[in-house]
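Below is one structure, written out as structure tokens, with a few remarks after it.
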Amino acid sequence: MENACTVKVLDPAAEPLADAIHAFDPDIIGITSYTVTYPEAIEVMRQVRKLAPKALCIIGGVHISSLPQSLDEVFDAGVIGEGEQTLLEIVRYPSPSRFGSLPGICYHSEDGVTVNPPGEQAEPELPIPRLDRYAPASARSGSVGFITSRGCPFKCTFCYSPVLHRKVRYYPPDWIAGQFEYAVRTLKAHYLMLLDDTVCLDSRRLEQTADEIERRGLFNFSTAVNMRSSAVSDELCRALERLHVVSWNCGFESGSNKMLKKIKGSSASVEKHYELVEAAYLHGVRLNGSFIFGMPGETPEDMEKTLEFMGYLYEKKCSGRYRGGFWFFCAAPFPGTQWWHIAAEKGRAGLDMDFTCLDIKNFDHHLLLEESIKEVEWRDVIRRAGEIVEKANKIF
Ligand code: B12
Ligand code: SF4
């Protein structure tokens, strides 16, 4: 962004799109999108095209990276995977005539959508994104999210992370400490969210980061992280404490060991879930968890086990030995994941599907539910899960 070009982040909630585009008169316009929001991104870009007919319209993010063949006519090109280097290349020579030789993009050609070989992965030494300059409204909110690594070594069957990142890369502790310092000193943020897929795999790295943060005299902040229960250990908990972590977010996903092994690999287990709940209590942190229902291979017995584990969390909450909230979602086959291929084989997912059906909060679109499970059984499970969550989340 600092490469001799003027950048503006458009926020339609803060300023009407038409006013912003007319005032700025951009040469290139980019938009990001998840899969479920893809129809909306197309709609927004259609409006944008009318306002800036000469601008190059680019899409990036999770959806187009995992399903480049779905590139809509409204976009000139899609950036696949990490966007930093590829976008810079487009900015340097913003002409569709170069698309054929630009790695990391997809674009329209005579043969339909052409997908080029992968582009370069971003270097950790990139400058820290200057939110105060480009997104002042979110910079002032008091909380800020950033990543300290890219990728995840696990290969959960429902997750898109292994599709996006070719290998796991960790940022150096002093770079991460720089992010903390920027967030705390410049943005005056007090709540920092580490958005990494699996921040918790390497306690030593976290300890080194904590050393550097303390050396810089940063103390007045709290942190939230994403957790995998199989990673919990005493060393990890100590390292997280030193990073002022007050909230752990964990995808429990299931209360059935059979399902956990199937979707998350051999290291995942319900026993580890119990350990995590106990560790969260002992370290005085909030533990927020989520569950999935309607997974491929899941039987009514597996769902019962998940309900049982949710009931256990409720009991723990009643007795004051668990702080946090938990929720449940409907299994959704996101493009590129193993679940996508399962749904595609059954004719329930594909390029021409309605992507809004992948809304994980919509239990009517159970695209992966086993055919042997009757609708009435499904409704009953969802109703009972809803009841547990409702009463548990009423307790603070
Ligand atoms: C943080 C997060 C959220 C936050 C977002 C907070 C925020 N304001 O940004 C919250 C909690 C709100 C959220 C919500 C949802 N999320 Co979410 N989320 C994430 C998470 C953990 C990190 C995203 C992130 O910031 N990554 C760090 C940045 C640097 O990476 P990135 O976004 O991929 O961007 C890079 C490239 O993709 C590319 N790029 C991205 N955009 C663009 C645009 C242009 C123009 C260019 C050139 C390049 C480019 O360059 C970037 C830098 O390399 C990801 C998991 C993950 N690891 O990505 C899931 C993830 C993106 N979420 C996911 C989902 C499903 C959702 C929901 C749809 C769930 C739901 N309710 O149904 C909702 C969406 C609600 C909505 N309507 O938008 C899925 C998406 C799968 C899919 N195919 O769509 C993911 C991948 C989780 C998963 N493992 O499956 N999410
Ligand atoms: S769900 Fe979490 S642990 Fe599993 S592959 Fe995705 S990011 Fe990694």
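Labels for the structure tokens follow display order: chains A, B, ..., residues from 1 in each chain, ligands from 1.
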Find the residues of chain A that sit at most 12 Å from ligand 2; for each, write down the nearest two atoms and how far apart they are in Å, to one decimal. Count only C-alpha atoms and all ligand atoms. Sort by chain, then by number going up, and give it as a tab-separated table.
residue	atom	partner	partner_atom_place_in_ligand_line	distance
A:Ser149	CA	ligand 2	7 (S)	11.4
A:Arg150	CA	ligand 2	7 (S)	9.8
A:Gly151	CA	ligand 2	7 (S)	7.2
A:Cys152	CA	ligand 2	8 (Fe)	4.6
A:Pro153	CA	ligand 2	8 (Fe)	6.4
A:Phe154	CA	ligand 2	5 (S)	4.5
A:Lys155	CA	ligand 2	5 (S)	4.4
A:Cys156	CA	ligand 2	4 (Fe)	4.2
A:Thr157	CA	ligand 2	5 (S)	7.5
A:Phe158	CA	ligand 2	1 (S)	7.0
A:Cys159	CA	ligand 2	6 (Fe)	4.5
A:Tyr160	CA	ligand 2	6 (Fe)	6.4
A:Ser161	CA	ligand 2	6 (Fe)	5.2
A:Pro162	CA	ligand 2	5 (S)	6.0
A:Val163	CA	ligand 2	5 (S)	9.2
A:Leu164	CA	ligand 2	6 (Fe)	10.5
A:His165	CA	ligand 2	5 (S)	10.5
A:Lys167	CA	ligand 2	8 (Fe)	11.6
A:Val168	CA	ligand 2	8 (Fe)	10.2
A:Leu195	CA	ligand 2	7 (S)	10.2
A:Asp196	CA	ligand 2	7 (S)	7.9
A:Asp197	CA	ligand 2	7 (S)	4.2
A:Thr198	CA	ligand 2	7 (S)	5.9
A:Val199	CA	ligand 2	7 (S)	9.5
A:Cys200	CA	ligand 2	3 (S)	10.1
A:Leu201	CA	ligand 2	3 (S)	9.9
A:Val225	CA	ligand 2	2 (Fe)	11.9
A:Asn226	CA	ligand 2	2 (Fe)	8.3
A:Met227	CA	ligand 2	2 (Fe)	8.0
A:Arg228	CA	ligand 2	3 (S)	6.1
A:Ser229	CA	ligand 2	3 (S)	9.3
A:Ser230	CA	ligand 2	3 (S)	9.3
A:Ala231	CA	ligand 2	3 (S)	9.7
A:Asn249	CA	ligand 2	2 (Fe)	10.7
A:Cys250	CA	ligand 2	2 (Fe)	8.7
A:Gly251	CA	ligand 2	1 (S)	7.2
A:Phe252	CA	ligand 2	1 (S)	9.7
A:Glu253	CA	ligand 2	1 (S)	9.3
A:Leu260	CA	ligand 2	4 (Fe)	10.7
A:Lys261	CA	ligand 2	4 (Fe)	11.5
A:Lys262	CA	ligand 2	4 (Fe)	11.7
A:Ile263	CA	ligand 2	4 (Fe)	8.4
A:Lys264	CA	ligand 2	4 (Fe)	6.0
A:Gly265	CA	ligand 2	4 (Fe)	8.7
A:Ser266	CA	ligand 2	4 (Fe)	11.8
A:Ser267	CA	ligand 2	3 (S)	10.5
A:Ala268	CA	ligand 2	3 (S)	9.6
A:Ser290	CA	ligand 2	1 (S)	11.3
A:Phe291	CA	ligand 2	1 (S)	11.7
A:Ile292	CA	ligand 2	1 (S)	11.6
A:Phe334	CA	ligand 2	6 (Fe)	11.9
A:Thr337	CA	ligand 2	5 (S)	9.9
A:Gln338	CA	ligand 2	5 (S)	11.2
### Message
Please return as JSON, numbers by chain the residues found within 8 Å of ligand 1, counting only C-alpha atoms and all ligand atoms.
### Response
{"A": [29, 30, 31, 32, 33, 34, 35, 36, 37, 58, 59, 60, 61, 62, 63, 65, 66, 78, 79, 80, 81, 82, 83, 84, 86, 87, 121, 122, 145, 146, 147, 150, 151, 158, 159, 160, 161, 164, 195, 196, 197, 334, 335, 336, 358, 359, 360, 361]}
### Task
Write out as a PyMOL selection string which residues come within 10 Å of Gln85 of chain A when counting only C-alpha atoms, dropping same-chain ones fewer than 4 positions away.
chain A and resi 89-91+103-104+119-123
Written file, previous selection with N, CA and C atoms, as a PDB file, in the first residue's frame:
ATOM      1  N   GLU A  89       1.730  -6.432  -7.857  1.00  0.00           N
ATOM      2  CA  GLU A  89       2.030  -6.629  -9.284  1.00  0.00           C
ATOM      3  C   GLU A  89       0.927  -6.016 -10.152  1.00  0.00           C
ATOM      4  N   ILE A  90      -0.313  -6.204  -9.752  1.00  0.00           N
ATOM      5  CA  ILE A  90      -1.429  -5.649 -10.535  1.00  0.00           C
ATOM      6  C   ILE A  90      -1.368  -4.124 -10.504  1.00  0.00           C
ATOM      7  N   VAL A  91      -1.062  -3.577  -9.327  1.00  0.00           N
ATOM      8  CA  VAL A  91      -1.012  -2.122  -9.172  1.00  0.00           C
ATOM      9  C   VAL A  91       0.105  -1.535 -10.041  1.00  0.00           C
ATOM     10  N   PRO A 103       1.316 -14.607 -12.082  1.00  0.00           N
ATOM     11  CA  PRO A 103       0.983 -15.738 -11.201  1.00  0.00           C
ATOM     12  C   PRO A 103      -0.017 -15.318 -10.125  1.00  0.00           C
ATOM     13  N   GLY A 104      -0.801 -16.286  -9.650  1.00  0.00           N
ATOM     14  CA  GLY A 104      -1.681 -16.035  -8.504  1.00  0.00           C
ATOM     15  C   GLY A 104      -3.006 -15.367  -8.834  1.00  0.00           C
ATOM     16  N   GLY A 119       0.811 -17.611  -6.881  1.00  0.00           N
ATOM     17  CA  GLY A 119       1.705 -16.452  -6.764  1.00  0.00           C
ATOM     18  C   GLY A 119       2.605 -16.598  -5.552  1.00  0.00           C
ATOM     19  N   GLU A 120       3.360 -15.543  -5.274  1.00  0.00           N
ATOM     20  CA  GLU A 120       4.286 -15.571  -4.134  1.00  0.00           C
ATOM     21  C   GLU A 120       3.535 -15.459  -2.820  1.00  0.00           C
ATOM     22  N   GLN A 121       4.051 -16.141  -1.788  1.00  0.00           N
ATOM     23  CA  GLN A 121       3.452 -15.998  -0.467  1.00  0.00           C
ATOM     24  C   GLN A 121       4.107 -14.808   0.226  1.00  0.00           C
ATOM     25  N   ALA A 122       3.313 -14.120   1.048  1.00  0.00           N
ATOM     26  CA  ALA A 122       3.791 -12.874   1.654  1.00  0.00           C
ATOM     27  C   ALA A 122       4.918 -13.134   2.645  1.00  0.00           C
ATOM     28  N   GLU A 123       5.865 -12.204   2.715  1.00  0.00           N
ATOM     29  CA  GLU A 123       6.951 -12.277   3.695  1.00  0.00           C
ATOM     30  C   GLU A 123       6.470 -11.669   5.008  1.00  0.00           C
TER      31      GLU A 123
END
For Lys188 of chain A, work out the shell of residues within 10 Å, counting only C-alpha atoms and skipping chain neighbours fewer than 6 positions away, then give it as a compact mmCIF listing (two decimals) with C-alpha atoms, in the first residue's frame.
# COMPACT_ATOMS: atom_id res chain seq x y z
CA ALA A 139 -8.78 1.77 14.47
CA ARG A 140 -10.66 3.78 17.10
CA SER A 141 -12.87 0.92 18.29
CA GLY A 142 -10.60 -0.13 21.15
CA SER A 143 -10.14 -3.65 19.85
CA VAL A 144 -7.99 -4.83 16.99
CA GLU A 181 3.04 -1.98 20.37
CA TYR A 182 1.30 -0.35 17.41
CA ASN A 220 -2.21 -2.44 29.68
CA PHE A 221 -4.11 -4.80 27.34
### Query
If you run DSSP on the backbone, which residues of segment 273-366 of chain A are strand (DSSP E), as number ranges by chain?
A: 286-293, 326-330
### Task
Go through A:Tyr314, A:Tyr274, A:Phe293, A:Phe355 and flag the residue nearest Ala41 of chain A, using only C-alpha atoms for the distances.
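Closest residue, counting only C-alpha atoms: A:Phe355.
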### Query
Could you pull out all residues of segment 14-262 of chain A with a DSSP call of alpha helix (DSSP H) and give them as a PyMOL selection string?
chain A and resi 17-24+38-51+62-66+84-92+131-134+136-139+161-164+173-181+203-215+234-242+257-262
### Message
When you count only C-alpha atoms, which of these residues is closest to Phe75 of chain A: A:Arg46, A:His283, A:Arg92, A:Lys54?
### Response
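The closest residue to Phe75 of chain A is A:Arg46.
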### Task
Kindly indicate which residue among A:Met303, A:Leu368, A:Val285, A:Pro129 lies nearest to Asp380 of chain A, using only C-alpha atoms for the distances.
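Using only C-alpha atoms, the shortest distance to Asp380 of chain A belongs to A:Met303.
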Within 12 Å of Pro53 of chain A, counting only C-alpha atoms, which residues show up once you throw out same-chain ones fewer than 4 positions away? Write them as a PDB file with C-alpha atoms, in the first residue's frame, please.
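Now in result-v6.pdb:
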ATOM      1  CA  ILE A  21     -15.996   6.632  -5.434  1.00  0.00           C
ATOM      2  CA  HIS A  22     -16.722   9.953  -7.116  1.00  0.00           C
ATOM      3  CA  ASP A  25     -11.894   8.300  -8.693  1.00  0.00           C
ATOM      4  CA  PRO A  26      -9.962   5.001  -8.338  1.00  0.00           C
ATOM      5  CA  ASP A  27      -8.039   3.148 -11.061  1.00  0.00           C
ATOM      6  CA  ILE A  28      -8.401  -0.199  -9.284  1.00  0.00           C
ATOM      7  CA  ILE A  29     -11.146  -1.360  -6.955  1.00  0.00           C
ATOM      8  CA  MET A  45     -19.296  -4.739  -7.592  1.00  0.00           C
ATOM      9  CA  ARG A  46     -22.100  -4.318 -10.159  1.00  0.00           C
ATOM     10  CA  GLN A  47     -23.008  -1.019  -8.508  1.00  0.00           C
ATOM     11  CA  VAL A  48     -19.353  -0.034  -8.285  1.00  0.00           C
ATOM     12  CA  ARG A  49     -18.806  -0.711 -11.999  1.00  0.00           C
ATOM     13  CA  CYS A  57     -12.344  -4.555 -10.622  1.00  0.00           C
ATOM     14  CA  VAL A  74     -18.336  -8.362 -13.114  1.00  0.00           C
ATOM     15  CA  PHE A  75     -14.736  -8.936 -11.950  1.00  0.00           C
ATOM     16  CA  ASP A  76     -11.771  -8.414 -14.257  1.00  0.00           C
TER      17      ASP A  76
END
### Task
Go ahead and compute the interatomic distance for atom CA of Gln208 of chain A and atom CA of Val232 of chain A, in Å to one decimal.
18.3 Å
### Query
Near Tyr171 of chain A, counting only C-alpha atoms, which residues have an atom at most 8 Å away, once you skip same-chain residues fewer than 5 positions from it, shown as a list in words?
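Using only C-alpha atoms, the neighbours found are Pro124, Glu125, Thr148, Ser149 and Ile176 of chain A.
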Could those selected residues go to a file with N, CA and C atoms, as a CSV table (one decimal), in the first residue's frame?
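Listing of part.csv after writing:
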chain,number,residue,atom,x,y,z
A,124,PRO,N,6.9,-12.3,6.1
A,124,PRO,CA,6.5,-11.7,7.4
A,124,PRO,C,7.0,-10.3,7.6
A,125,GLU,N,8.1,-9.9,7.0
A,125,GLU,CA,8.7,-8.6,7.3
A,125,GLU,C,7.9,-7.5,6.6
A,148,THR,N,-0.3,-13.6,13.7
A,148,THR,CA,1.1,-13.7,14.0
A,148,THR,C,1.7,-14.9,13.3
A,149,SER,N,0.9,-15.6,12.5
A,149,SER,CA,1.4,-16.7,11.7
A,149,SER,C,0.4,-16.9,10.6
A,176,ILE,N,6.0,-9.4,15.9
A,176,ILE,CA,4.7,-9.5,16.5
A,176,ILE,C,4.6,-8.5,17.7
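Closest to Val389 of chain A among A:Cys357, A:Asp364, A:Pro68, A:Leu307 is A:Leu307, based on only C-alpha atoms.
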### Query
Which of these residues is nearest to Arg166 of chain A, using only C-alpha atoms: A:Pro118, A:Pro94, A:Gly350, A:Gly320?
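Among the listed residues, the smallest separation from Arg166 of chain A belongs to A:Pro118.
Ranking A:Glu275, A:Glu43, A:Asp202, A:Glu73 by their shortest atom-to-atom distance to Arg169 of chain A, with only C-alpha atoms included, puts A:Asp202 first.
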### Contact residues around Asn362 of chain A with only C-alpha atoms at 10 Å, ignoring same-chain residues under 4 positions, as JSON, numbers by chain
{"A": [329, 330, 331, 332, 356, 357, 358, 366]}
Write a file of the selected residues as a compact mmCIF listing (two decimals), in the first residue's frame, keeping N, CA and C atoms.
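Result written to part.txt:
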# COMPACT_ATOMS: atom_id res chain seq x y z
N PHE A 329 -23.50 -24.85 15.15
CA PHE A 329 -23.72 -24.47 13.76
C PHE A 329 -24.05 -25.70 12.92
N CYS A 330 -24.51 -25.43 11.71
CA CYS A 330 -24.83 -26.51 10.78
C CYS A 330 -23.61 -26.78 9.90
N ALA A 331 -23.28 -28.03 9.71
CA ALA A 331 -22.12 -28.38 8.87
C ALA A 331 -22.32 -27.82 7.46
N ALA A 332 -21.30 -27.13 6.95
CA ALA A 332 -21.39 -26.53 5.61
C ALA A 332 -20.17 -26.93 4.78
N THR A 356 -25.43 -18.83 -0.77
CA THR A 356 -25.98 -18.38 0.52
C THR A 356 -26.46 -19.59 1.34
N CYS A 357 -26.63 -20.74 0.67
CA CYS A 357 -27.02 -21.97 1.41
C CYS A 357 -25.92 -22.43 2.35
N LEU A 358 -24.72 -21.87 2.21
CA LEU A 358 -23.61 -22.28 3.07
C LEU A 358 -23.56 -21.47 4.37
N HIS A 366 -29.20 -28.34 5.37
CA HIS A 366 -28.26 -29.32 5.93
C HIS A 366 -27.71 -30.17 4.78
